[in-house]
Every structure is written in structure tokens, then in C-alpha cells.
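Novice: Can you read through this structure? Questions will come right after.
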Amino acid sequence: MMNREGRATTPGNAARPDAFQTHSGHRALVQEEPLIFELGRPGKIGVDLPEPKGTQSRLGNTARRGFIGLPDLSEPEVVRHYVRLSQKNFSIDTGMFPLGSCTMKHNPRLNEKMARLPGFADIHPLQPQETVPGAFEVMDELARWLKVLTGMPAVAMSPKAGAHGELCGLMAIKAAIEARGEKRTRILVPESAHGTNPATAALIGFTVDSIPATPRGRVDLAAMKAKLGPDVAAVMVTNPNTCGLFENEVREIADAIHGVGGYFYCDGANYNAIVGRVRPGDLGIDAMHINLHKTFSTPHGGGGPGAGPVVFSDALAPFVPLPYVVSEAGGHRLVEHASEDPAAKPFGRMVAFHGQMGMFTRALTYMFSHGADGLRQVAEDAVLNANYILASLKDVYNAPFAASGPCMHEALFDDTAFEGVTTLDIAKALIDEGFHPMTVYFPLVVHGAMLVEPTETESKETLDVFIASMRGLAEDARAGKVERFKGAPFLAPRARLDETAAARKPVLRWEPPKRAEAAE
Amino acid sequence: MRYLPLTDADRREMLARIGAKSMDDLFADVPEAARLKSLVDLPRHKGELEVERIMGAMAARNMTASSVPFFVGAGAYKHHVPSSVDHIIQRSEFLTSYTPYQPEIAQGTLQYLFEFQTQVALLTGMEVANASLYDGSTGTAEAVLMASRITRRNRAVLSGTLHPHYAAVVETVCAAAGMEIVTLPARPLSREDFATLVDDKTACVVVQNPDVFGSVRDLSPIADIVHGKGALMIAAFTEVVSLGAVTPPGHMGADIVVGEGQSIGVGLNFGGPYVGLFAAKQQYLRQMPGRLCGETVDADGRRGYVLTLSTREQHIRREKATSNICTNSGLMSLAFTIHMSLLGERGFTRLAALNHEAACALASRLEKVPGVELVTPHFFNEFTLRLPRPAHEVVHALAGKGVLGGVPGARLWPGEKAVENLLVVAATEVNTETDRVKYEAALTEVLS
């Protein structure tokens, strides 16, 4: 069974050698762990709380009846359960995690420590403004760093992740177009774009018009120009793009879209490749989100939280959404309502409070640690590491754009060099080799894509082991050692999982054998 | 620099392998005019000690919730989080992993997401829940868009007792998506006449319980009216602890339930990151936004978990996706799951009872202060007072006396005279009798 990307979603029938069996089902450090719901027993408690006094209730007619169905456990059991689960996860601290476009780099623990200072972690978003001047100072200082680094005059801090930043950027563009009394309905998005780009544009009613890529893996400028017209609101371009290449005609793209009165949105997911070396403000960009969890290393946390501030050009700056911090003679002030800043034209509000403060403190800590010099080195080492991998593997893996010159922070390969061994097989075999697989089957413009992003925090020694593993796998694939791939991974806590079965009859929650009994 | 392992010798050797003369060769695709020749105008790198001093100085300028009698709520609540929660979420394998795209080496994340989904479904009284959204407010906008997809209708009615910031997020996002959003005036205990407000173009009504004024009520009569018009009822909440004491929205006819999970496991964090809880009836599963984790088996027949139904999602469906969301609140959902597991049935319902008692004890004191009226007779851990003068003035005066007394009407609805004297006050298990006595004394003094 294949999905739409051409990736297998069932494990297949590959031979898997009989494994050594234990009586317990555990396998040394890898413990088989039931669901928390299967572990609870009435009478246990994991949090000691005082006995309620039995005060007269003021809940009216809304008091809850019956059991919820939560399991009862003691603290040691809960701690062990989640520690055991953690041991089934691969993380950046475990080993190299070259997931292209996702920027899995080292997450300094200083950032965690600073975010947990009570002065940041234990303050409420709606306590009186005069009691939190240090919080506004953090927001303003982070905003300053983002503006200086990108060369852009304004920034919206509240978006909660990259896709949310895209929404913020497109909403500002929509507001700017409406302020001009125009109606534009179309947005141009390259085929190679992240799925979030067309999804965001469609969410707020734009029609998505796809731009093809050139054989060199860049936006086809002529094709883009042919699609331009007075109904085009914006072009959304990722730069460096999802093939790991810098859009060398970025200025021409900017001039072309501006020529028809549209705006240039840049997906900044790959900003880590150019931070400190190139300012998006010098490229003609009107809006760009920055994934603080990528470029500025706030941790990914197994899928969030992220943060997606958006930098804006002068043309879009007046439309920055509420709330935002302004710097005045007496200090900082948070503008929460349009009436408090008559000069501005905020397009609305994107979140309940002021953004991902916990991510702001981490990102600012990271920036202070690196400084202007360290951040420039981040970009250079990220690009150097990726090119080192490209140079070391392009003779054994097909690298579709290697001929057109160096890559940026990620190297793109595909599986066309092999017979009977696919990108998915190579990814799963890499798990056995002790690496997290690269991004697979993305970007969609390359069939069977393998996008390798090492980041700047991998040493040359680690890269050399990775390269040797990849070369070994290529050799095995050429030698027709198909079994080595089809059953992989052999050494992970689980073998390949049946995604087709999961989707066909979804089981999305645990169900009690008998609910009343379980909750007793 | 301590985070960068390459040496200059490495760099030279690597450039040689690549066949490049210098780093500039690797940036050759960047237009010449856009290549920065020198460093940007920002400070140079710093050691840990120096960074700690700068950050620490900024942190020290803020008044922390734990340092004063603290009664601020309205969407975020101060609760005690057990030590083991923060310890476990800082384990590398959770903190520094990614969205579980490779399930064979991400069963830890996937299994807790499955547990999280189950907990959320049980708490809300709904059939299915997703693996979290950013927060309660963005989740509410997603719920309204989902209702529009299900009903193929384009209008939403927001109760005036919905948190105004939630309403603003819905207005911003859903109006941009082409919906008509009708937000009713903010009045505590207002009897909103949904029978006339809901028409045959209305996709949904959004109500909050406990509402932004702290008031609790039975939503069933609203659900009946809304369903009678072929629309859906979306029930929102900002205080998840209430579900340990109050009838869950799923038992009062809600079709979609969305709320903020910050109270359990997460902490105040000045507004984020938080964790959006999202649950619905099974029949609407395929219209849900966000990640879903499902049970399956591996090639050896062992139980395991995967992300599933991803054909709803942006990375597969692109412009036809149910939402643009990619990153969600993974680590915060883990914190929630661990804290909820520690509490269990007994701990969670007891925590809820303690919160309600704390609020009752505080209300009993404050409603006796001369000039103060308790507006909301039925509440969980938050209630609204009417003061004899604008509440924001009183809040500032209380802060001057070292008491953070609540959220004034003008902070939530600036310029709205009708709610200017209202003060929304939250009480939780962290408040002591001494805190309450101090608050009563300070309020008496400020109002006298």
C-alpha cells in the first residue's frame, strides 16, 4: 500500500529473523510498557492534597456526576512509566538527527534554565503591566535582535509556530491590499513549498496557483512572470528553498511581484542557513516568519511548542496584529487594543495572550550566547556541513541538483541510483545504523527525495561516521542485499508499523473494559 | 564558541573535500549586493555566566505569582505543578525529539499522545480528541472553521461571555476565511436569546463554561436550541480543572469541545506556551484539525502507535487540508499527561474540590466588603465582583499594596462602560487563608 507521495504505508512481508525472547517481554534497557490506563489501581495517589472541608457548593445545578475514568497511580509508578516511554524515543541528544527542513540542532540547557527563572515562568499575562517591565524588556530586546539580523523594520511577535506565522504574514498582506481598496485573490506558491504554504493561503480564501521549478531546482522565473496579474496578492517563496538551494534570482522575483502591486512573502523555515550573512530586508522581502525552534534552537519538544515571529517591511508594518510592545520614554508598554495606538492599523489578534514567552526567553538566551559573530558562524558551519555531506555522497547517491553548484544548509538526494531499494528502505536502515533518518519524500518536486540537514552542531567526526554508513548502505543496495532493507529496522523498539490499518479503522483512544469498574 | 564543534582545521579540510576555496564560494548564489561583509551591529558572543546575569536582571524586574497573594485568572491560572512533571519533560528524549514521523523510534512520544488524547476525551466527555493545538484561543478558531466545514454554513455566533481574546482570535481568523462572525455584548449572566440569534445560515454557537466571568451553567438548553436549527454547539473552557467538579460539555450536548489545558502541568509562562485541548463527536473525526495518534501493530504483530488520518493534513493535502497547523504543543501535552496521571481520578477531583472551596472562601470574604457585590452566584474557581468604582484603578492600588487581585473589566473590554466596574477574581489551591485575609484587608482599605 502506497500513500500519495509513493511511500509504502504497510510493513510488507519481509523476512524478520526470530529474535531472542525474554520471559518478561522486556529487552534489557528497552522495557515493554502498557498504557497508563492499564496500570492504575484504585487506592493509589500520585499527588498528596489536603482533604476538602466540605463547604457548601456554589456550583448550582452543574456539579459533575459519575466517574471520569482516570487511572490512579503513585508517583514512582508514574515517573517510571514516562521514563520508560522516553527511552523509546530518538532525540538530538541521542545522535545525529539530519531531518531536512526541520533543523534539529543542539538545544543548550542554559536556555531551559533561563526560561524557568520565576521572573519569566511564574508571571501572568494579565497581571498589571507595571508589575512585569522585565517581560516587556525581553520581548522588545528579542524583537530588536530579529529586526537587526533580518534588516526589516517591524516584527509581529505573537504567532505560535511557523504555520501560524505564515497566517500572520498573509493576513497582513490581505489587510494592506484591502487598505488600498483593492481585491486580489490569487497567491503564487512554488511546487517545492512546504505544505503549510498552500494550506495557509487557502485557509483565508486565496486561490493557490502553483509555480514549477527549473531543472536547477529554483523557482522558474519566466513561469512565475507569466502567472502575474492584477489579481495576484503575493508570492510565497522559501529561501533558501526546500531543495536546500538559494534562490539566486530572488531580487528578480521581488521586482516582478512588486511590479504588479503584490507582496513578497518569504517562508523563513531555512533562515538558519543565512543568519548573520544575508539580511532578508536586502532581498526585497515584505514578510518572513522565523521559526525560533529552528534557527534559534528553542527545542522541538516532540512536535512543539514552537514560535513564529514575523518580520515585516515598511509597507506591511502598520498592520502588525495585537498585542505588541512599544518602547516609550518611560519604558515599555503593551498595546492590547486598537484604541490604545491610533496610528496603527492592526489586522486583529492571533492568540489569547502575547505569544510564546517561554520560547522568547530561550531564543534570546541563545542569541546572547552566540552574539553577532557566533550567529554568522552558525550559518557558515551549517552550510559547510551540508556541502561536506553532498561532496562525500554524490558519487553513490543521485543528487539531482549537485551539478548546479553548492547547496545551502541541506543536501538533497534521491533513490534513482538503486533497483528494488527505496528511499523509505534507506531511511529505515539508517535507524539500525543509529541515526535518525533524513526527511523523506519531500520536497515533492523530487521523486523519492532524501533531504539531509546536518546543522552546525554536528562535529566532523560524527559526519564522517554518518557518511560511512550512508556509503555502506548504498553499496548494500547496489549489491542487491534487499533483505537488509526490507525488514529494517531490526534493532528499534518496534518494527515497521502498519499505517494503513491505523487509518482504515482508527483507534484513537483507550477504551475501558468496563468503564464503571475501571474508575471505581 | 561552545555550541560549535568544528575546528578551523576541520573547516579547511572540509572545504578542500568540497573543492571550495573559501566559505564565500558556498554562498555564491547570494546576489553580491546582499552579502554582508561584516558582522551585524549586535553584541559578540558571551559565556553562560554573563548571559545568566543579563537574563536574571530582566527576570528580577517582574513580580512573580508565588511572591504575593495572587488572584489573577481570566484564561490562565496559577496552580501547583508536581516536581516530577518538569523533571520528566526535560529528559532529552522528550525535549529534543521531533514530531514522530519515524514511529519505530518515536514510540515514547506516540504513546503519550495516545494517552493524552484519551485523557482529554474522558475529561470533556467526548468520543475523540486530537494531539493538541497551540492553545485554547487558536483552538476555538479551528473549532469554528470545522463547524463551518461540517454544516457547510458560514456564520458563527459567539456568546458575550466567551473570553474576549478568544472572540477576537475567532473574529480575526474566521472572518478572513470568509465567515460572518456575530459577537454578543459582554455582560455577566446575560440571557442570550439563541432561538432568534441562530438562523439557517449559522454553523455554530460558541459558549464558554465556566464563562469569562466565572459563571457556570447547564448548557443543555442551549444545545437543544442550536441543534433544532441544524447548527453545532461549540463549548469552550479556559480552566480545565473545572472538569473535575463541573458536568463536562460532552454531557451537555456539545458537538465540539475546545479549551485551554495550561492549568495542568504547564505553568503561567506569561501567556505561552500553553496547550490547546480539542475534542469532538466521532462522526466529525475526519473534519478535525491537527495531529491524531492511532493504535496499530508492527510487522511482528506488537502493539504500537502512529500518526494517522494524515490525509486531512497540510503536508499531504496542501491547499485542501483541514488546517494549516504543523507544529503543535507536543511538550506541553506531555506535561499535561504526566500531571494528570499523577493526579488520577481521586487527585483530579480533589484538586477541583479544593479550587472550588478556595473560591467560595474568598467570595465569602470579599462580598462582605462594603460597596462590593458578588455578580456571579454560581461559579467554580473564578467569580466576578462589581466594585463601586472602575476596577482597573482598584487593581493598580491593590498591586501597590502587594496584592494581585484579578483582571479588571477595562483590561478585557476597554472602553466598555457597562463592565468597567467589574473585577474577575480567580482562586486556586495555591491560595492560603492568609492570602485571602490580606486581600480582604487590602480591598477594604482601597475602597474606603
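To be explicit about the labels: the chains of the C-alpha cells are called A, B, and onward in the order shown, and within each one the residues are counted from 1, while ligands get numbers from 1 in the order they are shown.
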Would you pick out the contacts of segment 379-394 of chain A at 9 Å or less, using only C-alpha atoms, so that residues sharing its chain but fewer than 2 positions from it are not included, and give the list as JSON, numbers by chain?
Specialist: {"A": [271, 272, 273, 274, 275, 276, 277, 374, 375, 376, 377, 396, 397, 398, 399, 402, 406, 407, 408, 409, 410, 411, 412, 413, 452, 453, 454, 455, 456, 457, 458, 459, 460, 463, 464, 466, 467, 470, 471], "B": [4, 6, 11, 14, 15, 17, 18, 19, 23, 26, 27]}
Novice: Write out as a PDB file with C-alpha atoms, in the first residue's frame which residues come within 7 Å of segment 155-170 of chain A when counting only C-alpha atoms, dropping same-chain ones fewer than 2 positions away.
Specialist:
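Listing of selection-v7.pdb after writing:
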ATOM      1  CA  ALA A 143      12.327  41.968  18.580  1.00  0.00           C
ATOM      2  CA  LYS A 147      14.960  43.278  13.202  1.00  0.00           C
ATOM      3  CA  ALA A 172      -1.164  41.472   6.968  1.00  0.00           C
ATOM      4  CA  ILE A 173      -0.889  41.283   3.173  1.00  0.00           C
ATOM      5  CA  LYS A 174      -4.647  40.876   2.895  1.00  0.00           C
ATOM      6  CA  THR A 196       1.757  24.765   5.139  1.00  0.00           C
ATOM      7  CA  THR A 200      -2.378  28.787   4.859  1.00  0.00           C
ATOM      8  CA  ALA A 287       7.183  39.483   5.270  1.00  0.00           C
ATOM      9  CA  HIS A 289       8.286  34.204   9.592  1.00  0.00           C
ATOM     10  CA  ILE A 290      11.146  32.942  11.680  1.00  0.00           C
ATOM     11  CA  ASN A 291      10.841  29.571  13.407  1.00  0.00           C
ATOM     12  CA  GLY A 306       7.291  26.469  18.537  1.00  0.00           C
ATOM     13  CA  ALA A 307       7.210  30.195  17.964  1.00  0.00           C
ATOM     14  CA  GLY A 308       6.882  32.029  14.656  1.00  0.00           C
ATOM     15  CA  PRO A 309       7.520  35.786  14.852  1.00  0.00           C
ATOM     16  CA  VAL A 310       7.085  37.564  11.500  1.00  0.00           C
ATOM     17  CA  VAL A 311       9.322  40.389  10.318  1.00  0.00           C
ATOM     18  CA  PHE A 312       7.709  42.983   8.066  1.00  0.00           C
ATOM     19  CA  VAL A 320       1.075  44.093  12.805  1.00  0.00           C
ATOM     20  CA  PRO A 321      -1.545  42.282  14.910  1.00  0.00           C
ATOM     21  CA  MET A 350      -3.977  35.887  16.558  1.00  0.00           C
ATOM     22  CA  VAL A 351      -3.700  34.493  20.106  1.00  0.00           C
ATOM     23  CA  HIS A 354       1.213  37.883  23.922  1.00  0.00           C
ATOM     24  CA  GLY A 355       2.932  34.977  22.183  1.00  0.00           C
ATOM     25  CA  GLN A 356       5.266  32.199  23.260  1.00  0.00           C
TER      26      GLN A 356
ATOM     27  CA  TYR B 134      -1.375  25.790  20.172  1.00  0.00           C
ATOM     28  CA  ASN B 324      -2.552  24.674   8.200  1.00  0.00           C
ATOM     29  CA  ILE B 325      -1.212  23.516  11.573  1.00  0.00           C
ATOM     30  CA  CYS B 326       2.105  21.639  11.631  1.00  0.00           C
ATOM     31  CA  THR B 327       3.938  22.154  14.923  1.00  0.00           C
TER      32      THR B 327
END
Novice: Determine, counting only C-alpha atoms, which protein, DNA and RNA residues have an atom within 9 Å of an atom of Asn328 of chain B; residues of the same chain fewer than 6 positions away are not included. Present the result as a list in words.
Specialist: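 Result of the neighbour search: Lys160, Ala161, Gly303, Gly304, Pro305 and Gly306 of chain A; Thr99, Ala131, Ser132, Leu133, Tyr134, Asp135, Val275, Gly276, Gly290 and Arg291 of chain B.
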Novice: If we count only C-alpha atoms, what is near segment 94-96 of chain B at a cut-off of 10 Å, once residues fewer than 6 positions away on the same chain are taken out, given as a PDB file with N, CA and C atoms, in the first residue's frame?
Specialist:
ATOM      1  N   TYR A  82       6.800   7.122  32.449  1.00  0.00           N
ATOM      2  CA  TYR A  82       7.187   8.103  31.425  1.00  0.00           C
ATOM      3  C   TYR A  82       8.676   8.056  31.121  1.00  0.00           C
ATOM      4  N   VAL A  83       9.479   7.658  32.081  1.00  0.00           N
ATOM      5  CA  VAL A  83      10.902   7.472  31.769  1.00  0.00           C
ATOM      6  C   VAL A  83      11.069   6.300  30.795  1.00  0.00           C
ATOM      7  N   LEU A  85       8.889   5.319  28.622  1.00  0.00           N
ATOM      8  CA  LEU A  85       8.453   5.792  27.299  1.00  0.00           C
ATOM      9  C   LEU A  85       9.554   6.625  26.656  1.00  0.00           C
ATOM     10  N   SER A  86      10.195   7.482  27.461  1.00  0.00           N
ATOM     11  CA  SER A  86      11.222   8.355  26.884  1.00  0.00           C
ATOM     12  C   SER A  86      12.312   7.518  26.219  1.00  0.00           C
ATOM     13  N   GLN A  87      12.577   6.335  26.789  1.00  0.00           N
ATOM     14  CA  GLN A  87      13.668   5.518  26.259  1.00  0.00           C
ATOM     15  C   GLN A  87      13.341   4.875  24.910  1.00  0.00           C
ATOM     16  N   LYS A  88      12.135   5.082  24.437  1.00  0.00           N
ATOM     17  CA  LYS A  88      11.773   4.586  23.104  1.00  0.00           C
ATOM     18  C   LYS A  88      11.852   5.696  22.061  1.00  0.00           C
ATOM     19  N   ASN A  89      12.390   6.832  22.439  1.00  0.00           N
ATOM     20  CA  ASN A  89      12.472   7.978  21.526  1.00  0.00           C
ATOM     21  C   ASN A  89      13.902   8.242  21.098  1.00  0.00           C
ATOM     22  N   PHE A  90      14.083   8.560  19.835  1.00  0.00           N
ATOM     23  CA  PHE A  90      15.364   9.088  19.355  1.00  0.00           C
ATOM     24  C   PHE A  90      15.295  10.611  19.460  1.00  0.00           C
ATOM     25  N   SER A  91      16.377  11.215  19.931  1.00  0.00           N
ATOM     26  CA  SER A  91      16.391  12.670  20.089  1.00  0.00           C
ATOM     27  C   SER A  91      17.718  13.227  19.596  1.00  0.00           C
ATOM     28  N   ILE A  92      17.808  14.535  19.496  1.00  0.00           N
ATOM     29  CA  ILE A  92      19.047  15.162  19.040  1.00  0.00           C
ATOM     30  C   ILE A  92      20.167  14.900  20.048  1.00  0.00           C
ATOM     31  N   ASP A  93      19.814  14.736  21.316  1.00  0.00           N
ATOM     32  CA  ASP A  93      20.848  14.409  22.298  1.00  0.00           C
ATOM     33  C   ASP A  93      21.299  12.944  22.196  1.00  0.00           C
ATOM     34  N   THR A  94      20.496  12.106  21.528  1.00  0.00           N
ATOM     35  CA  THR A  94      20.881  10.701  21.324  1.00  0.00           C
ATOM     36  C   THR A  94      21.906  10.593  20.204  1.00  0.00           C
ATOM     37  N   PHE A  97      20.500  13.831  13.842  1.00  0.00           N
ATOM     38  CA  PHE A  97      19.059  13.860  13.538  1.00  0.00           C
ATOM     39  C   PHE A  97      18.875  14.744  12.309  1.00  0.00           C
ATOM     40  N   MET A 104      17.230  20.166  13.288  1.00  0.00           N
ATOM     41  CA  MET A 104      17.410  19.541  14.591  1.00  0.00           C
ATOM     42  C   MET A 104      18.851  19.782  15.049  1.00  0.00           C
ATOM     43  N   LYS A 105      19.023  20.885  15.750  1.00  0.00           N
ATOM     44  CA  LYS A 105      20.351  21.230  16.254  1.00  0.00           C
ATOM     45  C   LYS A 105      20.375  21.110  17.766  1.00  0.00           C
ATOM     46  N   HIS A 106      21.566  21.184  18.323  1.00  0.00           N
ATOM     47  CA  HIS A 106      21.731  21.107  19.775  1.00  0.00           C
ATOM     48  C   HIS A 106      20.862  22.151  20.480  1.00  0.00           C
ATOM     49  N   ASN A 107      20.200  21.738  21.550  1.00  0.00           N
ATOM     50  CA  ASN A 107      19.378  22.648  22.356  1.00  0.00           C
ATOM     51  C   ASN A 107      20.098  22.914  23.674  1.00  0.00           C
ATOM     52  N   GLU A 112      16.968  26.445  28.781  1.00  0.00           N
ATOM     53  CA  GLU A 112      15.926  25.879  29.640  1.00  0.00           C
ATOM     54  C   GLU A 112      15.965  26.521  31.020  1.00  0.00           C
ATOM     55  N   SER A 297      16.956  27.610  18.021  1.00  0.00           N
ATOM     56  CA  SER A 297      17.222  26.447  18.867  1.00  0.00           C
ATOM     57  C   SER A 297      16.372  26.300  20.119  1.00  0.00           C
ATOM     58  N   THR A 298      15.191  26.904  20.151  1.00  0.00           N
ATOM     59  CA  THR A 298      14.300  26.519  21.238  1.00  0.00           C
ATOM     60  C   THR A 298      13.872  25.089  20.887  1.00  0.00           C
ATOM     61  N   PRO A 299      13.792  24.191  21.844  1.00  0.00           N
ATOM     62  CA  PRO A 299      13.672  22.781  21.466  1.00  0.00           C
ATOM     63  C   PRO A 299      12.363  22.464  20.748  1.00  0.00           C
ATOM     64  N   HIS A 300      12.392  21.395  19.958  1.00  0.00           N
ATOM     65  CA  HIS A 300      11.185  20.999  19.224  1.00  0.00           C
ATOM     66  C   HIS A 300      10.193  20.244  20.109  1.00  0.00           C
ATOM     67  N   GLY A 301      10.673  19.665  21.200  1.00  0.00           N
ATOM     68  CA  GLY A 301       9.763  19.077  22.181  1.00  0.00           C
ATOM     69  C   GLY A 301       8.839  17.995  21.658  1.00  0.00           C
ATOM     70  N   GLY A 302       9.275  17.233  20.668  1.00  0.00           N
ATOM     71  CA  GLY A 302       8.419  16.159  20.147  1.00  0.00           C
ATOM     72  C   GLY A 302       7.248  16.683  19.333  1.00  0.00           C
ATOM     73  N   GLY A 303       7.396  17.888  18.751  1.00  0.00           N
ATOM     74  CA  GLY A 303       6.319  18.439  17.914  1.00  0.00           C
ATOM     75  C   GLY A 303       5.738  19.708  18.496  1.00  0.00           C
ATOM     76  N   GLY A 304       6.541  20.471  19.150  1.00  0.00           N
ATOM     77  CA  GLY A 304       6.104  21.752  19.688  1.00  0.00           C
ATOM     78  C   GLY A 304       6.372  21.831  21.167  1.00  0.00           C
TER      79      GLY A 304
ATOM     80  N   ILE B  88      10.611  15.300  34.124  1.00  0.00           N
ATOM     81  CA  ILE B  88      10.468  14.340  33.019  1.00  0.00           C
ATOM     82  C   ILE B  88      10.422  15.046  31.666  1.00  0.00           C
ATOM     83  N   ALA B 106       9.991   6.533  17.813  1.00  0.00           N
ATOM     84  CA  ALA B 106       9.276   7.634  18.455  1.00  0.00           C
ATOM     85  C   ALA B 106       8.069   7.102  19.229  1.00  0.00           C
ATOM     86  N   GLY B 108       7.784   6.563  22.285  1.00  0.00           N
ATOM     87  CA  GLY B 108       7.601   7.297  23.538  1.00  0.00           C
ATOM     88  C   GLY B 108       6.648   8.458  23.349  1.00  0.00           C
ATOM     89  N   THR B 109       6.935   9.284  22.342  1.00  0.00           N
ATOM     90  CA  THR B 109       6.063  10.421  22.038  1.00  0.00           C
ATOM     91  C   THR B 109       4.683   9.944  21.627  1.00  0.00           C
ATOM     92  N   GLY B 330       3.431  19.737  21.547  1.00  0.00           N
ATOM     93  CA  GLY B 330       3.852  18.411  21.990  1.00  0.00           C
ATOM     94  C   GLY B 330       4.308  18.336  23.436  1.00  0.00           C
ATOM     95  N   LEU B 331       5.303  19.132  23.779  1.00  0.00           N
ATOM     96  CA  LEU B 331       5.897  19.009  25.113  1.00  0.00           C
ATOM     97  C   LEU B 331       4.921  19.445  26.208  1.00  0.00           C
ATOM     98  N   LEU B 334       2.645  16.675  26.896  1.00  0.00           N
ATOM     99  CA  LEU B 334       3.314  15.698  27.771  1.00  0.00           C
ATOM    100  C   LEU B 334       3.219  16.139  29.227  1.00  0.00           C
TER     101      LEU B 334
END
Novice: When DSSP works through the backbone of this structure, what residues of segment 83-319 of chain A end up as strand (DSSP E), shown as a VMD selection string?
Specialist: chain A and resid 154 to 156 186 to 190 207 to 211 232 to 238 263 to 267 287 to 289 310 to 312
Novice: Write out as JSON, numbers by chain each polymer residue whose atoms come within 12 Å of Gly400 of chain B, counting only C-alpha atoms; drop sequence neighbours fewer than 2 positions from it.
Specialist: {"A": [128, 130, 131], "B": [63, 68, 393, 394, 395, 396, 397, 398, 402, 403, 404, 405, 442, 443, 446]}
Novice: Take atom CA of Arg436 of chain B and atom CA of Leu362 of chain B and report the distance between them in Å, one decimal.
Specialist: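 Atom-to-atom, atom CA of Arg436 of chain B and atom CA of Leu362 of chain B are spaced 6.0 Å apart.
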Novice: Determine, counting only C-alpha atoms, which protein, DNA and RNA residues have an atom within 9 Å of an atom of Gly12 of chain A; residues of the same chain fewer than 3 positions away are not included. Present the result as a PyMOL selection string.
Specialist: (chain A and resi 1+8-9+486-487+496+498) or (chain B and resi 299)
Novice: Can those selected residues be exported to a file as a PDB file, in the first residue's frame so that it contains N, CA and C atoms?
Specialist:
ATOM      1  N   MET A   1       0.859  -1.210   0.000  1.00  0.00           N
ATOM      2  CA  MET A   1       0.000   0.000   0.000  1.00  0.00           C
ATOM      3  C   MET A   1       0.884   1.245   0.000  1.00  0.00           C
ATOM      4  N   ALA A   8       5.503   3.584   0.938  1.00  0.00           N
ATOM      5  CA  ALA A   8       4.777   2.420   1.446  1.00  0.00           C
ATOM      6  C   ALA A   8       4.239   2.708   2.848  1.00  0.00           C
ATOM      7  N   THR A   9       2.977   2.296   3.113  1.00  0.00           N
ATOM      8  CA  THR A   9       2.377   2.546   4.427  1.00  0.00           C
ATOM      9  C   THR A   9       2.035   1.263   5.170  1.00  0.00           C
ATOM     10  N   LYS A 486      14.467  -4.421   3.568  1.00  0.00           N
ATOM     11  CA  LYS A 486      13.004  -4.575   3.611  1.00  0.00           C
ATOM     12  C   LYS A 486      12.489  -4.883   5.011  1.00  0.00           C
ATOM     13  N   GLY A 487      13.300  -5.554   5.808  1.00  0.00           N
ATOM     14  CA  GLY A 487      12.850  -5.854   7.174  1.00  0.00           C
ATOM     15  C   GLY A 487      13.225  -4.769   8.166  1.00  0.00           C
ATOM     16  N   ARG A 496       8.587  -1.967  11.473  1.00  0.00           N
ATOM     17  CA  ARG A 496       7.716  -1.057  10.714  1.00  0.00           C
ATOM     18  C   ARG A 496       6.258  -1.231  11.151  1.00  0.00           C
ATOM     19  N   ASP A 498       2.064  -0.603  10.818  1.00  0.00           N
ATOM     20  CA  ASP A 498       1.064  -0.669   9.766  1.00  0.00           C
ATOM     21  C   ASP A 498       0.197   0.594   9.776  1.00  0.00           C
TER      22      ASP A 498
ATOM     23  N   ALA B 299       5.325  -4.984  12.237  1.00  0.00           N
ATOM     24  CA  ALA B 299       5.494  -6.158  11.376  1.00  0.00           C
ATOM     25  C   ALA B 299       5.592  -7.451  12.176  1.00  0.00           C
TER      26      ALA B 299
END
Novice: Could you tell me how far atom CA of Leu162 of chain B sits from atom CA of Asp211 of chain B, in Å to one decimal place?
Specialist: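 Between atom CA of Asp211 of chain B and atom CA of Leu162 of chain B the gap is 6.1 Å.
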Novice: Find, counting only C-alpha atoms, the residue in B:Leu158, B:Thr172, B:Arg217, B:His87 that gets nearest to Val198 of chain B.
Specialist: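 The closest residue to Val198 of chain B is B:Leu158.
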Novice: Quick one: distance from atom CA of Arg286 of chain B to atom CA of Gly6 of chain A in Å, one decimal?
Specialist: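 Atom CA of Gly6 of chain A lies at a distance of 22.2 Å from atom CA of Arg286 of chain B.
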Novice: Using only C-alpha atoms, determine which residues lie at most 9 Å from Ala223 of chain A, disregarding the query and same-chain residues fewer than 6 positions distant; provide the list as a list in words.
Specialist: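 Near neighbours after the sequence-gap exclusion: Ile211, Pro212 and Ala213 of chain A.
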Novice: Given the choices A:Gly331, A:Ala477, A:Ala15, A:Gly66, which gets closest to His251 of chain B if the distance is worked out from only C-alpha atoms?
Specialist: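 The closest residue to His251 of chain B is A:Gly66.
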Novice: Have a look at A:Arg218, A:Arg279, A:Arg184, A:Lys113 and name the one nearest to Arg35 of chain B; count only C-alpha atoms.
Specialist: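 Result for the nearest residue to Arg35 of chain B: A:Arg279.
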Novice: For Thr207 of chain A, which residue out of B:Lys320, B:His392, B:Arg153, B:His45 is the nearest one, using only C-alpha atoms?
Specialist: B:Lys320
Novice: Let me make sure I understand: among A:Ala338, A:Val78, A:Val189, A:Leu39, which one has the smallest atom-to-atom distance to chain B if we use only C-alpha atoms?
Specialist: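 Closest candidate: A:Val78.
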Novice: Which residue gives the smallest distance to Thr151 of chain B among B:Met233, B:Val169, B:Ala76, B:Leu110, with only C-alpha atoms counted?
Specialist: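 Ranked by minimum distance to Thr151 of chain B, first place goes to B:Met233.
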